[in-house]
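Below you'll find the structure, written out as structure tokens, and then a few comments.
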Amino acid sequence: MSIKVENVSFTYSKKTPNSYEALHNVSLEIKKNSITGIVGHTGSGKSTLVQMFNGLLKPETGTITVDDFVIDSKQKKIKNVKQLRKHVGLVFQFPEYQLFDETVEKDVSFGPKNFGMNNIDALNKAHEALAMMGIDETYYKRSPFELSGGEKRKVALAGILAIDPDILILDEPTAGLDPKSSLEVLTLVEKLHEQGKTIVIITHDMDLLFRYCDHVVLLKDGNVAFDGKPENLFQKNIDDLSIDVPKIYQFLDILKKKGLDLSKENIRSVDELVKVLTERRKK
Amino acid sequence: MDNLTFGRYSPYNTVVHKLDPRNKIFLMILFMVGIFFQFKLWSVSLIMSGVYLIILIIIMLLSRVSFVQLFKSLGSMWLMVVFLLLIYIFIPTTTHKIEPEAFKIFNYAVYWDSFCRAGYIILRLVMMLSLTMILTSTTKPMDMTYAFEWYMTPLKLIRFPAHEIAMTLSIALRFIPTLLDETNRIMKAQESRGADFSHGIGRRFRAIISLMIPLFVSAIDRSEELANAMEVRGYDPRAKRTKYRLLRFHFKDLLAFVLIGCIFAGIITLFVFDQQSTGGIDILQVIFNVKGF
Ligand SMILES: Nc1ncnc2c1ncn2[C@@H]1O[C@H](COP(=O)(O)OP(=O)(O)OP(=O)(O)O)[C@@H](O)[C@H]1O
Ligand SMILES: [Mg+2]
């Protein structure tokens, strides 16, 4: 068990004329060492949901259990918030807007320092995280404000990686990135997953979802509309404009109809399809 | 976050919301002037304050302004209360409307009078505060700037940049909620990185820096974008323009005007009488004397 959400509701601006119920009685479970995709229309409550996982928002009703941490709506204050935030790293939508320090390395070491590391250790951690993101030493002493959008995004991501959380939540990590940078980010996410981290990705990109996730949650107007395997989501023919069946899935479907059933191969991308097909031909 | 939202426009649809903003601003100023008339006798001041309070409460109920919010913002006024009290205690006055001494600190006499004066000032400030709150939470920022522009129109004759000022004001007002949302977002992002906004001075300072810098950067970016967007659409501050929303003076405006006007006239009459009167029995004075301080 990693994250367990039970009957959680949340209302913004409660008791005002602008009050808006963003989540309604949501229950779901995210398993340890999985890559879970959260999808849904804009405004369906995805960001609201994940902000509860690290204690930024407190549920109005219900309980969230994150490993040893329990967040209960009845508690006045969430216990051990700081440790919870060290445990669950949340990368916001457009994280480049959170950069503030004079140099890239100082900015990335902000997190580790906040969680009690001394300067030298924090800088080492920052260098490690920046290296993971493919940002080399020439950048360390530069101001984060002179970087390009993609580079800023990577630095901001490194800022969370440097904290070394066990659960990593990414809110639309590839939005607005060029294909090369998004591939780099996703490859890194896959690597972190292999190292044993639990990953949650919010995305609108169904190809990404199909390629990387082993579990998907579809939110619709603050309710869970689907919870299960990605391939089942596309089979279900859910009438939702935010679901755009991935090209590769459509292609496999057509192949199947023409008599070539590859569903046992667990193909998730064009590369994998090419590999399987060439192998078959050799045989 | 909560105290930042003081006086934020709340979209109800009450009578007060529907009043013409020009009228509302004028009546608010009238009311404020009324509040600041100083009467000779404590008892008259007290009774009048009571009357103002009742009127204010009625208006607040009518316009559905939140009392909770008002009280919350009052919480931050305690420093001023202490300051005012000290001023009134240590600035010697020869005439005390209420004579008896309260107590002595090292032979320095402290009079009840000081407390009453400080209290009276605070009371009036609170009333001013609630008036402003009524205005801002029942009037759309845009309407407010239209009203300001309308009041400044005569100044255009002497080449006063009324439109430019109104435009600047309306943009500033328009972006307050956006900046608040942005603040909220960046705060959360930094809290995810372990920033601590509530414990320890050093930590708090660092956390606030990590909030302020991205906030300024995004505000500057935004203003540049906005300026460019206005430029490409050919915005010219000196051009003659028509309005999308016309301000209209309705019957209810007249009603409100007459009502507040009458009250104001009453206050002035009372004030004139009060200034002419020479004696009279002050209730408060009597109470304090009888108790025999
Ligand atoms: N701070 C806030 N105050 C009031 N309402 C909010 C706030 N944040 C979000 N909402 C509302 O709650 C709803 C859910 O918002 P949320 O950010 O969770 O959506 P989302 O699924 O992440 O959408 P997107 O895909 O656009 O990021 C939206 O309708 C939004 O208008
Ligand atoms: Mg979102």
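How things are named: the first chain in the structure tokens is A, the next is B, and so on; residues count from 1 in each chain; ligands count from 1 in the order shown.
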
For this session: Check every protein, DNA and RNA residue against ligand 2, keep those with an atom at most 8 Å away (counting only C-alpha atoms and all ligand atoms), and present them as a PyMOL selection string.
Result: chain A and resi 42-43+45-48+93+171-172+202

Select, as a JSON list (two decimals) with N, CA and C atoms, in the first residue's frame, those residues of chain A with any atom no more than 6 Å from chain B (distances computed using only C-alpha atoms).
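Saved file iface.json follows:
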[["chain", "number", "residue", "atom", "x", "y", "z"],
["A", 85, "ARG", "N", 5.93, 15.77, 3.55],
["A", 85, "ARG", "CA", 6.36, 16.45, 2.33],
["A", 85, "ARG", "C", 7.73, 15.98, 1.85],
["A", 98, "GLN", "N", 8.48, 28.61, -9.78],
["A", 98, "GLN", "CA", 8.84, 28.58, -8.37],
["A", 98, "GLN", "C", 10.33, 28.84, -8.16],
["A", 100, "PHE", "N", 13.71, 30.86, -7.62],
["A", 100, "PHE", "CA", 13.88, 32.18, -7.00],
["A", 100, "PHE", "C", 15.31, 32.53, -6.64],
["A", 111, "GLY", "N", 15.34, 22.83, -1.25],
["A", 111, "GLY", "CA", 14.55, 21.74, -0.67],
["A", 111, "GLY", "C", 15.31, 20.95, 0.38],
["A", 114, "ASN", "N", 15.85, 22.84, 3.51],
["A", 114, "ASN", "CA", 14.64, 22.96, 4.32],
["A", 114, "ASN", "C", 14.37, 21.71, 5.13]]

Exercise. Can you list, as a PyMOL selection string, every residue of range 5-180 of chain B that DSSP puts in helix (DSSP H, G or I)?
Worked result: chain B and resi 5+15-18+21-35+42-63+67-75+78-90+112-138+141-158+162-180

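Among the candidates A:Tyr97, A:Phe251, A:Phe92, A:Phe69, the residue lying nearest to ligand 1 is A:Phe92 (atoms considered: only C-alpha atoms and all ligand atoms).
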
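Closest approach to ligand 1 from the set A:Lys191, A:Lys31, A:His41, A:His24 is made by A:His41, with distances taken over only C-alpha atoms and all ligand atoms.
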
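When only C-alpha atoms and all ligand atoms are used to measure the gap to ligand 1, the shortest distance among B:Phe205, B:Pro177, B:Ile121, B:Phe257 belongs to B:Pro177.
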
Exercise. What does the distance between CA of Ile87 in chain B and CA of Leu125 in chain B come to in Å, to one decimal place?
Worked result: 16.2 Å

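Distance-wise, CA of Val66 in chain A and CA of Ile3 in chain A end up 4.5 Å apart.
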
Problem set entry | Proximity to ligand 1 - best of A:Leu208, A:Ile78, A:Ile167, A:Ile201, only C-alpha atoms and all ligand atoms | A:Ile201

For this session: Can you pull out every residue within 12 Å of range 130-135 of chain A, counting only C-alpha atoms, but drop anything in the same chain fewer than 4 positions away, and send it as an MDAnalysis selection string?
Result: chainID A and resid 104:109 123:126 139:142 144 147 150:164 181:189 191:192

Exercise. Using only C-alpha atoms, which residues sit within 10 Å of Met206 in chain A once same-chain residues fewer than 5 positions away are excluded, as a PyMOL selection string?
Worked result: chain A and resi 37+39+211-213+230+234+242-247+249

Keeping only N, CA and C atoms, write the selected residues as an mmCIF file, in the first residue's frame.
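selection28.cif was written with the following content:
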data_model
loop_
_atom_site.group_PDB
_atom_site.id
_atom_site.type_symbol
_atom_site.label_atom_id
_atom_site.label_comp_id
_atom_site.auth_asym_id
_atom_site.auth_seq_id
_atom_site.Cartn_x
_atom_site.Cartn_y
_atom_site.Cartn_z
ATOM 1 N N GLY A 37 -1.432 6.973 -13.658
ATOM 2 C CA GLY A 37 -1.775 8.174 -14.409
ATOM 3 C C GLY A 37 -3.120 8.693 -13.933
ATOM 4 N N VAL A 39 -6.076 11.132 -15.128
ATOM 5 C CA VAL A 39 -6.530 11.880 -16.298
ATOM 6 C C VAL A 39 -7.917 12.452 -16.051
ATOM 7 N N ARG A 211 1.858 4.418 -22.725
ATOM 8 C CA ARG A 211 3.252 3.985 -22.806
ATOM 9 C C ARG A 211 3.835 3.712 -21.425
ATOM 10 N N TYR A 212 3.552 4.569 -20.464
ATOM 11 C CA TYR A 212 4.286 4.500 -19.192
ATOM 12 C C TYR A 212 3.491 3.985 -17.996
ATOM 13 N N CYS A 213 2.174 4.153 -17.986
ATOM 14 C CA CYS A 213 1.438 3.893 -16.752
ATOM 15 C C CYS A 213 0.930 2.463 -16.677
ATOM 16 N N PRO A 230 -4.768 0.834 -18.089
ATOM 17 C CA PRO A 230 -4.963 1.753 -19.223
ATOM 18 C C PRO A 230 -5.675 1.094 -20.400
ATOM 19 N N PHE A 234 -9.328 2.234 -22.618
ATOM 20 C CA PHE A 234 -9.575 2.507 -24.028
ATOM 21 C C PHE A 234 -10.573 1.525 -24.615
ATOM 22 N N SER A 242 -12.078 14.084 -23.175
ATOM 23 C CA SER A 242 -10.691 14.192 -22.742
ATOM 24 C C SER A 242 -9.934 12.897 -23.038
ATOM 25 N N ILE A 243 -10.655 11.827 -23.399
ATOM 26 C CA ILE A 243 -9.989 10.569 -23.705
ATOM 27 C C ILE A 243 -9.828 10.453 -25.207
ATOM 28 N N ASP A 244 -8.577 10.377 -25.603
ATOM 29 C CA ASP A 244 -8.243 10.333 -27.005
ATOM 30 C C ASP A 244 -7.456 9.039 -27.165
ATOM 31 N N VAL A 245 -8.075 8.019 -27.778
ATOM 32 C CA VAL A 245 -7.434 6.696 -27.815
ATOM 33 C C VAL A 245 -6.082 6.798 -28.522
ATOM 34 N N PRO A 246 -5.001 6.278 -27.873
ATOM 35 C CA PRO A 246 -3.663 6.422 -28.438
ATOM 36 C C PRO A 246 -3.571 5.779 -29.823
ATOM 37 N N LYS A 247 -2.765 6.386 -30.680
ATOM 38 C CA LYS A 247 -2.591 5.898 -32.047
ATOM 39 C C LYS A 247 -2.153 4.442 -32.053
ATOM 40 N N TYR A 249 -2.560 2.184 -29.881
ATOM 41 C CA TYR A 249 -3.633 1.290 -29.453
ATOM 42 C C TYR A 249 -4.610 1.055 -30.600
#

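Closest approach to Ile263 in chain B among B:Phe71, B:Tyr52, B:Phe39, B:Phe26: B:Tyr52, based on only C-alpha atoms.
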
For this session: Using DSSP on the backbone coordinates, identify the residues of range 57-183 of chain B assigned to strand (DSSP E or B); present them as a PyMOL selection string.
Result: chain B and resi 101-105+108-111

Written selection (N, CA, C and O atoms) as a CSV table (one decimal), in the first residue's frame:
chain,number,residue,atom,x,y,z
B,101,GLU,N,-9.7,60.6,38.3
B,101,GLU,CA,-8.5,59.9,37.9
B,101,GLU,C,-8.7,58.4,38.0
B,101,GLU,O,-9.5,57.9,38.9
B,102,ALA,N,-8.1,57.6,37.1
B,102,ALA,CA,-8.3,56.2,37.2
B,102,ALA,C,-7.3,55.6,38.2
B,102,ALA,O,-7.7,54.9,39.1
B,103,PHE,N,-6.1,55.9,38.0
B,103,PHE,CA,-5.0,55.4,38.9
B,103,PHE,C,-3.8,56.3,38.7
B,103,PHE,O,-3.7,57.1,37.8
B,104,LYS,N,-2.8,56.0,39.5
B,104,LYS,CA,-1.6,56.8,39.4
B,104,LYS,C,-0.4,55.9,39.1
B,104,LYS,O,-0.3,54.8,39.7
B,105,ILE,N,0.4,56.3,38.1
B,105,ILE,CA,1.7,55.6,37.9
B,105,ILE,C,2.8,56.5,38.3
B,105,ILE,O,3.0,57.5,37.7
B,108,TYR,N,2.1,60.0,38.4
B,108,TYR,CA,1.5,60.6,37.1
B,108,TYR,C,0.0,60.1,37.1
B,108,TYR,O,-0.3,58.9,37.0
B,109,ALA,N,-0.9,61.1,37.0
B,109,ALA,CA,-2.3,60.7,37.1
B,109,ALA,C,-2.8,60.3,35.7
B,109,ALA,O,-2.5,60.9,34.7
B,110,VAL,N,-3.4,59.2,35.7
B,110,VAL,CA,-4.0,58.7,34.5
B,110,VAL,C,-5.5,58.8,34.6
B,110,VAL,O,-6.1,58.4,35.6
B,111,TYR,N,-6.1,59.5,33.6
B,111,TYR,CA,-7.6,59.8,33.7
B,111,TYR,C,-8.4,58.8,32.9
B,111,TYR,O,-8.0,58.3,31.9
